[in-house]
>>> print(open('model-v4.cif').read())   # mmCIF, C-alpha atoms
data_protein
loop_
_atom_site.label_atom_id
_atom_site.label_comp_id
_atom_site.auth_asym_id
_atom_site.auth_seq_id
_atom_site.Cartn_x
_atom_site.Cartn_y
_atom_site.Cartn_z
CA MET A 1 28.83 21.45 -47.47
CA MET A 2 29.23 24.30 -45.03
CA ALA A 3 32.29 24.55 -42.82
CA GLN A 4 31.82 23.05 -39.37
CA THR A 5 32.48 25.24 -36.35
CA ASP A 6 35.32 23.98 -34.20
CA LYS A 7 34.99 26.49 -31.37
CA ILE A 8 36.03 25.37 -27.89
CA THR A 9 33.06 25.92 -25.61
CA GLY A 10 32.65 26.18 -21.86
CA VAL A 11 35.22 27.22 -19.27
CA LEU A 12 38.51 25.30 -18.92
CA GLY A 13 37.20 22.97 -21.59
CA ARG A 14 34.17 22.02 -19.49
CA GLY A 15 30.57 22.74 -20.37
CA PRO A 16 27.78 24.17 -18.16
CA ALA A 17 26.60 20.70 -17.05
CA PHE A 18 30.01 19.95 -15.49
CA TRP A 19 30.01 23.25 -13.61
CA ALA A 20 26.40 22.69 -12.49
CA VAL A 21 27.52 19.42 -10.89
CA MET A 22 30.42 21.30 -9.22
CA VAL A 23 27.94 23.89 -7.84
CA PHE A 24 25.74 21.09 -6.51
CA LEU A 25 28.66 19.23 -4.89
CA SER A 26 30.18 22.33 -3.28
CA THR A 27 26.75 23.42 -1.98
CA ALA A 28 26.21 19.94 -0.53
CA LEU A 29 29.65 20.13 1.12
CA VAL A 30 28.97 23.54 2.70
CA LEU A 31 25.53 22.42 3.92
CA THR A 32 27.05 19.23 5.38
CA LEU A 33 29.69 21.28 7.21
CA ALA A 34 26.97 23.57 8.57
CA PHE A 35 24.44 20.91 9.62
CA THR A 36 27.03 18.57 11.20
CA GLU A 37 28.44 21.64 13.00
CA ALA A 38 31.91 20.72 11.73
CA VAL A 39 32.23 24.47 11.08
CA GLU A 40 30.41 26.49 13.72
CA ASN A 41 31.82 29.94 13.02
CA TYR A 42 29.24 31.91 11.06
CA ALA A 43 31.78 34.11 9.26
CA THR A 44 33.72 31.03 8.07
CA LEU A 45 30.51 29.48 6.74
CA MET A 46 29.69 32.67 4.88
CA LEU A 47 33.17 32.64 3.34
CA LEU A 48 32.78 28.99 2.33
CA THR A 49 29.47 29.87 0.65
CA ALA A 50 31.51 32.01 -1.74
CA ILE A 51 32.84 28.79 -3.35
CA PRO A 52 29.49 27.54 -4.79
CA CYS A 53 28.63 31.15 -5.68
CA ALA A 54 31.87 31.54 -7.64
CA LEU A 55 31.30 28.16 -9.32
CA ALA A 56 27.75 29.26 -10.24
CA MET A 57 29.23 32.27 -12.04
CA VAL A 58 31.64 29.97 -13.89
CA MET A 59 28.63 27.77 -14.82
CA PHE A 60 26.80 30.79 -16.26
CA ARG A 61 29.93 31.80 -18.18
CA ALA A 62 30.26 28.28 -19.61
CA GLY A 63 26.57 28.36 -20.60
CA TYR A 64 27.01 31.73 -22.26
CA LYS A 65 30.00 30.50 -24.27
CA SER A 66 28.12 27.35 -25.28
CA ALA A 67 25.20 29.49 -26.48
CA ASP A 68 27.65 31.21 -28.83
CA VAL A 69 27.98 27.98 -30.79
CA GLN A 70 24.85 26.96 -32.71
CA ASP A 71 25.75 23.29 -33.13
CA ASN A 72 27.44 22.09 -29.99
CA GLY A 73 25.67 18.76 -29.73
CA CYS A 74 23.72 19.27 -26.53
CA ALA A 75 23.06 22.88 -25.61
CA PRO A 76 21.07 25.05 -28.00
CA GLY A 77 22.54 28.34 -29.14
CA GLY A 78 21.21 31.75 -30.06
CA GLU A 79 20.84 35.32 -28.94
CA ALA A 80 17.73 34.65 -26.82
CA GLN A 81 19.69 31.96 -24.98
CA LYS A 82 22.59 34.33 -24.29
CA ARG A 83 20.25 37.01 -22.97
CA TYR A 84 18.52 34.41 -20.77
CA ILE A 85 21.84 33.27 -19.28
CA LYS A 86 22.94 36.86 -18.67
CA ARG A 87 19.64 37.75 -16.96
CA THR A 88 19.69 34.58 -14.84
CA ALA A 89 23.30 35.26 -13.79
CA ILE A 90 22.43 38.83 -12.73
CA SER A 91 19.28 37.73 -10.85
CA THR A 92 21.13 34.89 -9.11
CA SER A 93 23.96 37.26 -8.12
CA LEU A 94 21.43 39.73 -6.69
CA TYR A 95 19.73 36.90 -4.80
CA LEU A 96 23.02 35.63 -3.32
CA ILE A 97 24.23 39.09 -2.29
CA THR A 98 20.91 40.19 -0.76
CA PHE A 99 20.48 36.82 0.99
CA ALA A 100 23.96 37.15 2.57
CA VAL A 101 23.17 40.73 3.67
CA LEU A 102 19.84 39.58 5.15
CA MET A 103 21.52 36.75 7.08
CA LEU A 104 24.15 39.13 8.45
CA ALA A 105 21.50 41.73 9.37
CA GLU A 106 19.40 39.10 11.13
CA ARG A 107 22.21 37.52 13.12
CA GLU A 108 25.08 39.98 13.41
CA TRP A 109 23.82 43.51 12.94
CA ASP A 110 21.40 45.45 15.09
CA VAL A 111 18.96 46.86 12.56
CA SER A 112 15.43 48.24 12.92
CA ARG A 113 12.34 46.23 11.93
CA GLN A 114 11.73 48.57 8.97
CA VAL A 115 15.23 47.99 7.58
CA LEU A 116 14.85 44.24 8.12
CA MET A 117 11.54 44.33 6.26
CA VAL A 118 13.17 46.00 3.23
CA LEU A 119 16.15 43.61 3.33
CA SER A 120 13.84 40.57 3.57
CA VAL A 121 12.01 41.56 0.36
CA LEU A 122 15.19 41.71 -1.75
CA PRO A 123 16.23 37.99 -2.02
CA GLY A 124 12.70 37.10 -3.16
CA LEU A 125 12.94 39.76 -5.88
CA GLY A 126 16.19 38.10 -7.06
CA ILE A 127 14.25 34.83 -7.54
CA VAL A 128 11.45 36.74 -9.32
CA GLY A 129 14.18 37.92 -11.71
CA VAL A 130 14.86 34.29 -12.69
CA PHE A 131 11.13 33.72 -13.42
CA TRP A 132 11.14 36.91 -15.50
CA ALA A 133 14.21 35.66 -17.42
CA ILE A 134 12.36 32.41 -18.26
CA ALA A 135 9.30 34.40 -19.41
CA ARG A 136 11.47 36.63 -21.63
CA LEU A 137 13.17 33.55 -23.10
CA ILE A 138 9.75 32.19 -24.12
CA VAL A 139 8.89 35.54 -25.74
CA GLU A 140 12.26 36.12 -27.45
CA GLU A 141 13.20 32.60 -28.61
CA THR A 142 12.79 32.55 -32.39
CA ASP A 143 13.34 28.80 -32.79
CA GLU A 144 9.81 27.40 -32.39
CA PHE A 145 10.96 23.91 -31.36
CA MET A 146 13.25 25.26 -28.63
CA ARG A 147 10.48 27.61 -27.47
CA MET A 148 8.10 24.66 -27.19
CA LEU A 149 10.66 22.80 -25.06
CA VAL A 150 10.97 25.79 -22.68
CA VAL A 151 7.17 26.05 -22.39
CA ARG A 152 6.91 22.31 -21.66
CA GLN A 153 9.66 22.59 -19.07
CA ALA A 154 7.97 25.55 -17.35
CA LEU A 155 4.58 23.78 -17.35
CA ILE A 156 6.06 20.62 -15.85
CA ALA A 157 7.94 22.69 -13.24
CA SER A 158 4.80 24.69 -12.33
CA SER A 159 2.67 21.56 -12.07
CA PHE A 160 5.31 19.84 -9.93
CA ALA A 161 5.73 22.78 -7.52
CA LEU A 162 1.99 23.57 -7.21
CA SER A 163 1.05 19.90 -6.75
CA LEU A 164 3.67 19.51 -4.04
CA ALA A 165 2.56 22.76 -2.35
CA SER A 166 -1.13 21.72 -2.44
CA VAL A 167 -0.53 18.27 -0.95
CA TRP A 168 1.95 19.55 1.65
CA GLY A 169 -0.31 22.47 2.59
CA PHE A 170 -3.23 20.23 3.57
CA MET A 171 -0.92 17.81 5.38
CA GLU A 172 0.63 20.72 7.24
CA SER A 173 -2.77 22.09 8.30
CA ALA A 174 -3.65 18.60 9.55
CA ASP A 175 -0.46 18.75 11.62
CA VAL A 176 0.99 15.55 10.20
CA VAL A 177 4.06 17.14 8.59
CA PRO A 178 6.36 19.96 9.77
CA HIS A 179 6.05 23.56 8.51
CA ILE A 180 7.94 24.45 5.33
CA ASP A 181 8.82 28.07 4.52
CA ALA A 182 7.03 29.24 1.35
CA TYR A 183 10.23 30.00 -0.59
CA TYR A 184 10.88 26.26 -0.81
CA TRP A 185 8.12 26.07 -3.46
CA ALA A 186 10.41 28.12 -5.70
CA VAL A 187 13.08 25.48 -5.04
CA ALA A 188 10.48 22.84 -6.02
CA PHE A 189 9.87 24.78 -9.26
CA PHE A 190 13.59 24.69 -10.09
CA ILE A 191 13.68 20.93 -9.37
CA GLY A 192 10.64 20.71 -11.68
CA LEU A 193 12.69 22.40 -14.42
CA ILE A 194 15.25 19.59 -14.14
CA ILE A 195 12.44 17.01 -14.37
CA GLY A 196 11.10 18.92 -17.40
CA ALA A 197 14.52 18.79 -19.06
CA VAL A 198 14.67 15.01 -18.54
CA VAL A 199 11.14 14.60 -19.99
CA ASN A 200 12.17 16.73 -23.00
CA ARG A 201 15.23 14.58 -23.50
CA ILE A 202 13.18 11.37 -23.41
CA GLU A 203 10.33 12.60 -25.63
CA HIS A 204 12.09 15.01 -28.00
CA GLY A 205 15.75 13.95 -27.89
CA THR A 206 17.08 17.21 -26.42
CA TRP A 207 17.22 18.70 -22.94
CA GLY A 208 15.69 22.05 -23.85
CA ALA A 209 16.89 25.55 -23.23
CA VAL A 210 16.47 26.34 -19.52
CA MET B 1 5.42 11.45 -31.87
CA LEU B 2 3.18 14.51 -32.23
CA CYS B 3 -0.15 14.05 -33.96
CA ASN B 4 -2.40 16.32 -35.99
CA GLY B 5 -6.04 15.38 -35.48
CA GLY B 6 -4.91 11.92 -34.51
CA ARG B 7 -2.89 11.49 -37.72
CA SER B 8 0.87 11.88 -37.60
CA LEU B 9 2.94 13.53 -40.32
CA LYS B 10 5.63 11.81 -42.36
CA ASN B 11 8.43 13.80 -43.98
CA ARG B 12 11.25 13.30 -46.50
CA LEU B 13 13.64 15.74 -44.85
CA LYS B 14 16.43 13.23 -44.30
CA VAL B 15 16.31 11.93 -47.90
CA LEU B 16 16.16 15.44 -49.40
CA ARG B 17 19.02 16.56 -47.19
CA ALA B 18 21.13 13.53 -48.16
CA GLU B 19 20.46 14.21 -51.86
CA ARG B 20 21.98 17.67 -51.41
CA ASP B 21 24.80 16.39 -49.20
CA TRP B 22 23.76 18.69 -46.37
CA SER B 23 24.34 17.92 -42.72
CA GLN B 24 21.62 18.65 -40.15
CA ALA B 25 23.64 21.72 -39.12
CA ASP B 26 23.75 22.91 -42.75
CA LEU B 27 19.98 22.63 -43.10
CA ALA B 28 19.46 24.24 -39.68
CA GLU B 29 21.54 27.23 -40.77
CA ARG B 30 19.56 27.60 -43.99
CA LEU B 31 16.28 27.43 -42.05
CA GLY B 32 17.47 29.71 -39.23
CA VAL B 33 16.71 27.14 -36.54
CA SER B 34 18.80 24.93 -34.23
CA ARG B 35 20.21 21.57 -35.30
CA GLN B 36 18.06 20.01 -32.59
CA SER B 37 14.96 21.32 -34.38
CA VAL B 38 15.97 19.69 -37.67
CA ASN B 39 16.73 16.45 -35.85
CA ALA B 40 13.33 16.49 -34.08
CA ILE B 41 11.43 17.19 -37.32
CA GLU B 42 13.34 14.49 -39.22
CA LYS B 43 12.61 11.89 -36.58
CA GLY B 44 8.92 12.84 -36.46
CA ARG B 45 9.19 14.00 -32.86
CA TYR B 46 8.01 17.47 -33.79
CA ASP B 47 5.68 18.73 -36.52
CA PRO B 48 6.77 22.17 -37.77
CA SER B 49 4.41 25.15 -37.86
CA LEU B 50 3.01 26.26 -41.24
CA PRO B 51 5.51 29.19 -41.55
CA LEU B 52 8.45 26.83 -40.88
CA ALA B 53 7.01 24.26 -43.31
CA PHE B 54 6.89 27.00 -45.98
CA THR B 55 10.53 27.93 -45.22
CA ILE B 56 11.51 24.26 -45.56
CA SER B 57 9.65 24.10 -48.86
CA GLU B 58 11.51 27.22 -50.10
CA VAL B 59 14.91 25.88 -49.03
CA PHE B 60 14.36 22.59 -50.89
CA GLU B 61 12.55 24.36 -53.76
CA LEU B 62 9.73 21.81 -53.57
CA PRO B 63 6.02 22.10 -52.73
CA ILE B 64 5.11 21.34 -49.12
CA GLU B 65 3.18 18.18 -50.12
CA ALA B 66 6.37 16.83 -51.76
CA ILE B 67 8.11 17.02 -48.37
CA PHE B 68 5.33 16.32 -45.85
CA SER B 69 2.53 13.79 -46.11
CA ARG B 70 -0.06 12.29 -43.79
CA ASP B 71 0.61 8.81 -42.46
#
>>> encode(input="model-v4.cif", output="structure tokens")
Amino acid sequence: MMAQTDKITGVLGRGPAFWAVMVFLSTALVLTLAFTEAVENYATLMLLTAIPCALAMVMFRAGYKSADVQDNGCAPGGEAQKRYIKRTAISTSLYLITFAVLMLAEREWDVSRQVLMVLSVLPGLGIVGVFWAIARLIVEETDEFMRMLVVRQALIASSFALSLASVWGFMESADVVPHIDAYYWAVAFFIGLIIGAVVNRIEHGTWGAV
Amino acid sequence: MLCNGGRSLKNRLKVLRAERDWSQADLAERLGVSRQSVNAIEKGRYDPSLPLAFTISEVFELPIEAIFSRD
């Protein structure tokens, strides 16, 4: 029998799922502080936003380390996985930085309309980078079962986001629901990826790769 | 369970693996796939492609029909 790998994965002994929960909780905390106006100072809120951002980077690092180990029980490994995590981390960082710059430009700085137009394109391109990373993962994944799980996840996420957008769009035009900014459909897609992972787990016994 | 033309596939992966005293991870390494893939194939949750079925057949040194059969 081959020797089993006893590598310690994750960061501080915790895997990517733990850090994802930490990102979610810290984001919820910052949003609560903002919406309840417990913290009104804009600069302080921006500084607090650095906490979930830093935790997101730790989450990506934990995911990357887990991908180094082929048989870690829950997360799949492989080179395609590592490249996907690296690309997602870079795209997410670009999104966070450009979003912060856009917010500051909108509220604090006096910039021209042309500059604002350029700055407003950048965060969206960061999100496009995440979609591109998913597409590359589908192309580069050599494990056919894991590739199928990613495709299923992406299909479920697309169906979820587009269905929600279609229904909401007609309701919005009938004036029965409030307006939602279009970038929230990307958020719906990412929620759809989580639903896809749960469906994969139920039907195929593993969460998938995204 | 996945179906092929309405008929699902059975396989002897678990038995063949046990005969050789291989873990799922051992077989996965020999096949160049993840342990999750081996687990899914063994449990009939996923039917492998023809190229992967040929690789499985080579690893066990048995013809494909000695490993996979129709239900």
>>> interface_residues(input="model-v4.cif", of="chain B", to="chain A", cutoff="12 Å", atoms="all atoms listed in the file", output="number ranges by chain")
B: 1-2, 17-53
>>> resolve_selection(input="model-v4.cif", expression="the PyMOL selection byres ((chain A and resi 164) around 12)", output="list in words")
Ala157, Ser158, Ser159, Phe160, Ala161, Leu162, Ser163, Ala165, Ser166, Val167, Trp168, Gly169, Phe170, Met171, Glu172, Ile180, Ala182, Tyr184, Trp185, Ala186, Val187, Ala188, Phe189, Ile191 and Gly192 of chain A
>>> write_last_selection(input="model-v4.cif", atoms="C-alpha atoms", output="CSV table (one decimal), in the coordinates of the input")
chain,number,residue,atom,x,y,z
A,157,ALA,CA,7.9,22.7,-13.2
A,158,SER,CA,4.8,24.7,-12.3
A,159,SER,CA,2.7,21.6,-12.1
A,160,PHE,CA,5.3,19.8,-9.9
A,161,ALA,CA,5.7,22.8,-7.5
A,162,LEU,CA,2.0,23.6,-7.2
A,163,SER,CA,1.0,19.9,-6.8
A,165,ALA,CA,2.6,22.8,-2.4
A,166,SER,CA,-1.1,21.7,-2.4
A,167,VAL,CA,-0.5,18.3,-1.0
A,168,TRP,CA,2.0,19.6,1.6
A,169,GLY,CA,-0.3,22.5,2.6
A,170,PHE,CA,-3.2,20.2,3.6
A,171,MET,CA,-0.9,17.8,5.4
A,172,GLU,CA,0.6,20.7,7.2
A,180,ILE,CA,7.9,24.4,5.3
A,182,ALA,CA,7.0,29.2,1.4
A,184,TYR,CA,10.9,26.3,-0.8
A,185,TRP,CA,8.1,26.1,-3.5
A,186,ALA,CA,10.4,28.1,-5.7
A,187,VAL,CA,13.1,25.5,-5.0
A,188,ALA,CA,10.5,22.8,-6.0
A,189,PHE,CA,9.9,24.8,-9.3
A,191,ILE,CA,13.7,20.9,-9.4
A,192,GLY,CA,10.6,20.7,-11.7
>>> residues_around(input="model-v4.cif", residues="region 10-12 of chain B", least_positions_apart="5", cutoff="7 Å", atoms="only C-alpha atoms", output="list in words")
Glu42, Gly44, Ile67, Phe68, Ser69, Arg70 and Asp71 of chain B
>>> closest_atom_pairs(input="model-v4.cif", of="region 58-157 of chain A", to="region 9-23 of chain A", cutoff="6 Å", atoms="only C-alpha atoms", output="tab-separated table")
residue	atom	partner	partner_atom	distance
A:Met59	CA	A:Trp19	CA	4.9
A:Ala62	CA	A:Gly10	CA	3.9
A:Gly63	CA	A:Pro16	CA	5.0
A:Lys65	CA	A:Gly10	CA	5.6
A:Ser66	CA	A:Thr9	CA	5.2
>>> atom_distance(input="model-v4.cif", atom1="CA of Ile90 (chain A)", atom2="CA of Asp110 (chain A)")
28.6 Å
>>> resolve_selection(input="model-v4.cif", expression="the PyMOL selection byres ((chain A and resi 153) around 8)", output="MDAnalysis selection string")
chainID A and resid 149:152 154:157 192:193 195:197 200 208 210
>>> atom_distance(input="model-v4.cif", atom1="CA of Gly126 (chain A)", atom2="CA of Asp181 (chain A)")
17.0 Å
>>> resolve_selection(input="model-v4.cif", expression="the PyMOL selection byres ((chain A and resi 128) around 12)", output="PyMOL selection string")
chain A and resi 87-88+90-92+94-95+121-127+129-135+183+186
>>> atom_distance(input="model-v4.cif", atom1="CA of Leu29 (chain A)", atom2="CA of Ala50 (chain A)")
12.4 Å
>>> residues_around(input="model-v4.cif", residues="Thr49 (chain A)", least_positions_apart="3", cutoff="10 Å", atoms="all atoms listed in the file", output="number ranges by chain")
A: 26-27, 29-31, 43-46, 52-54, 96, 100
>>> closest_residue(input="model-v4.cif", among="A:Tyr42, A:Trp109, A:Tyr84, A:Phe190", to="Glu141 (chain A)", atoms="only C-alpha atoms")
A:Tyr84
>>> decode(input="model-v4.cif", residues="region 53-65 of chain A", atoms="N, CA, C and O atoms", output="mmCIF file, in the first residue's frame")
data_model
loop_
_atom_site.group_PDB
_atom_site.id
_atom_site.type_symbol
_atom_site.label_atom_id
_atom_site.label_comp_id
_atom_site.auth_asym_id
_atom_site.auth_seq_id
_atom_site.Cartn_x
_atom_site.Cartn_y
_atom_site.Cartn_z
ATOM 1 N N CYS A 53 -11.610 41.576 4.125
ATOM 2 C CA CYS A 53 -10.712 41.441 2.950
ATOM 3 C C CYS A 53 -9.489 40.596 3.313
ATOM 4 O O CYS A 53 -9.091 39.704 2.558
ATOM 5 N N ALA A 54 -8.908 40.908 4.498
ATOM 6 C CA ALA A 54 -7.727 40.164 4.937
ATOM 7 C C ALA A 54 -8.089 38.701 5.178
ATOM 8 O O ALA A 54 -7.336 37.788 4.794
ATOM 9 N N LEU A 55 -9.275 38.474 5.778
ATOM 10 C CA LEU A 55 -9.711 37.097 6.026
ATOM 11 C C LEU A 55 -9.960 36.350 4.710
ATOM 12 O O LEU A 55 -9.714 35.143 4.622
ATOM 13 N N ALA A 56 -10.428 37.086 3.690
ATOM 14 C CA ALA A 56 -10.644 36.457 2.369
ATOM 15 C C ALA A 56 -9.316 35.970 1.802
ATOM 16 O O ALA A 56 -9.237 34.884 1.219
ATOM 17 N N MET A 57 -8.266 36.768 1.999
ATOM 18 C CA MET A 57 -6.944 36.364 1.509
ATOM 19 C C MET A 57 -6.458 35.117 2.249
ATOM 20 O O MET A 57 -5.856 34.216 1.657
ATOM 21 N N VAL A 58 -6.739 35.069 3.570
ATOM 22 C CA VAL A 58 -6.362 33.889 4.359
ATOM 23 C C VAL A 58 -7.137 32.665 3.844
ATOM 24 O O VAL A 58 -6.589 31.569 3.714
ATOM 25 N N MET A 59 -8.430 32.889 3.506
ATOM 26 C CA MET A 59 -9.264 31.799 2.974
ATOM 27 C C MET A 59 -8.667 31.250 1.671
ATOM 28 O O MET A 59 -8.560 30.035 1.493
ATOM 29 N N PHE A 60 -8.249 32.162 0.783
ATOM 30 C CA PHE A 60 -7.652 31.721 -0.478
ATOM 31 C C PHE A 60 -6.353 30.939 -0.223
ATOM 32 O O PHE A 60 -6.074 29.943 -0.873
ATOM 33 N N ARG A 61 -5.571 31.431 0.747
ATOM 34 C CA ARG A 61 -4.311 30.767 1.083
ATOM 35 C C ARG A 61 -4.583 29.341 1.602
ATOM 36 O O ARG A 61 -3.899 28.390 1.227
ATOM 37 N N ALA A 62 -5.609 29.244 2.467
ATOM 38 C CA ALA A 62 -5.973 27.926 3.024
ATOM 39 C C ALA A 62 -6.433 27.000 1.901
ATOM 40 O O ALA A 62 -6.080 25.814 1.882
ATOM 41 N N GLY A 63 -7.207 27.544 0.954
ATOM 42 C CA GLY A 63 -7.675 26.754 -0.192
ATOM 43 C C GLY A 63 -6.523 26.283 -1.041
ATOM 44 O O GLY A 63 -6.484 25.139 -1.485
ATOM 45 N N TYR A 64 -5.561 27.173 -1.245
ATOM 46 C CA TYR A 64 -4.387 26.851 -2.060
ATOM 47 C C TYR A 64 -3.585 25.719 -1.416
ATOM 48 O O TYR A 64 -3.162 24.783 -2.080
ATOM 49 N N LYS A 65 -3.414 25.811 -0.086
ATOM 50 C CA LYS A 65 -2.646 24.781 0.622
ATOM 51 C C LYS A 65 -3.391 23.446 0.606
ATOM 52 O O LYS A 65 -2.785 22.393 0.505
#
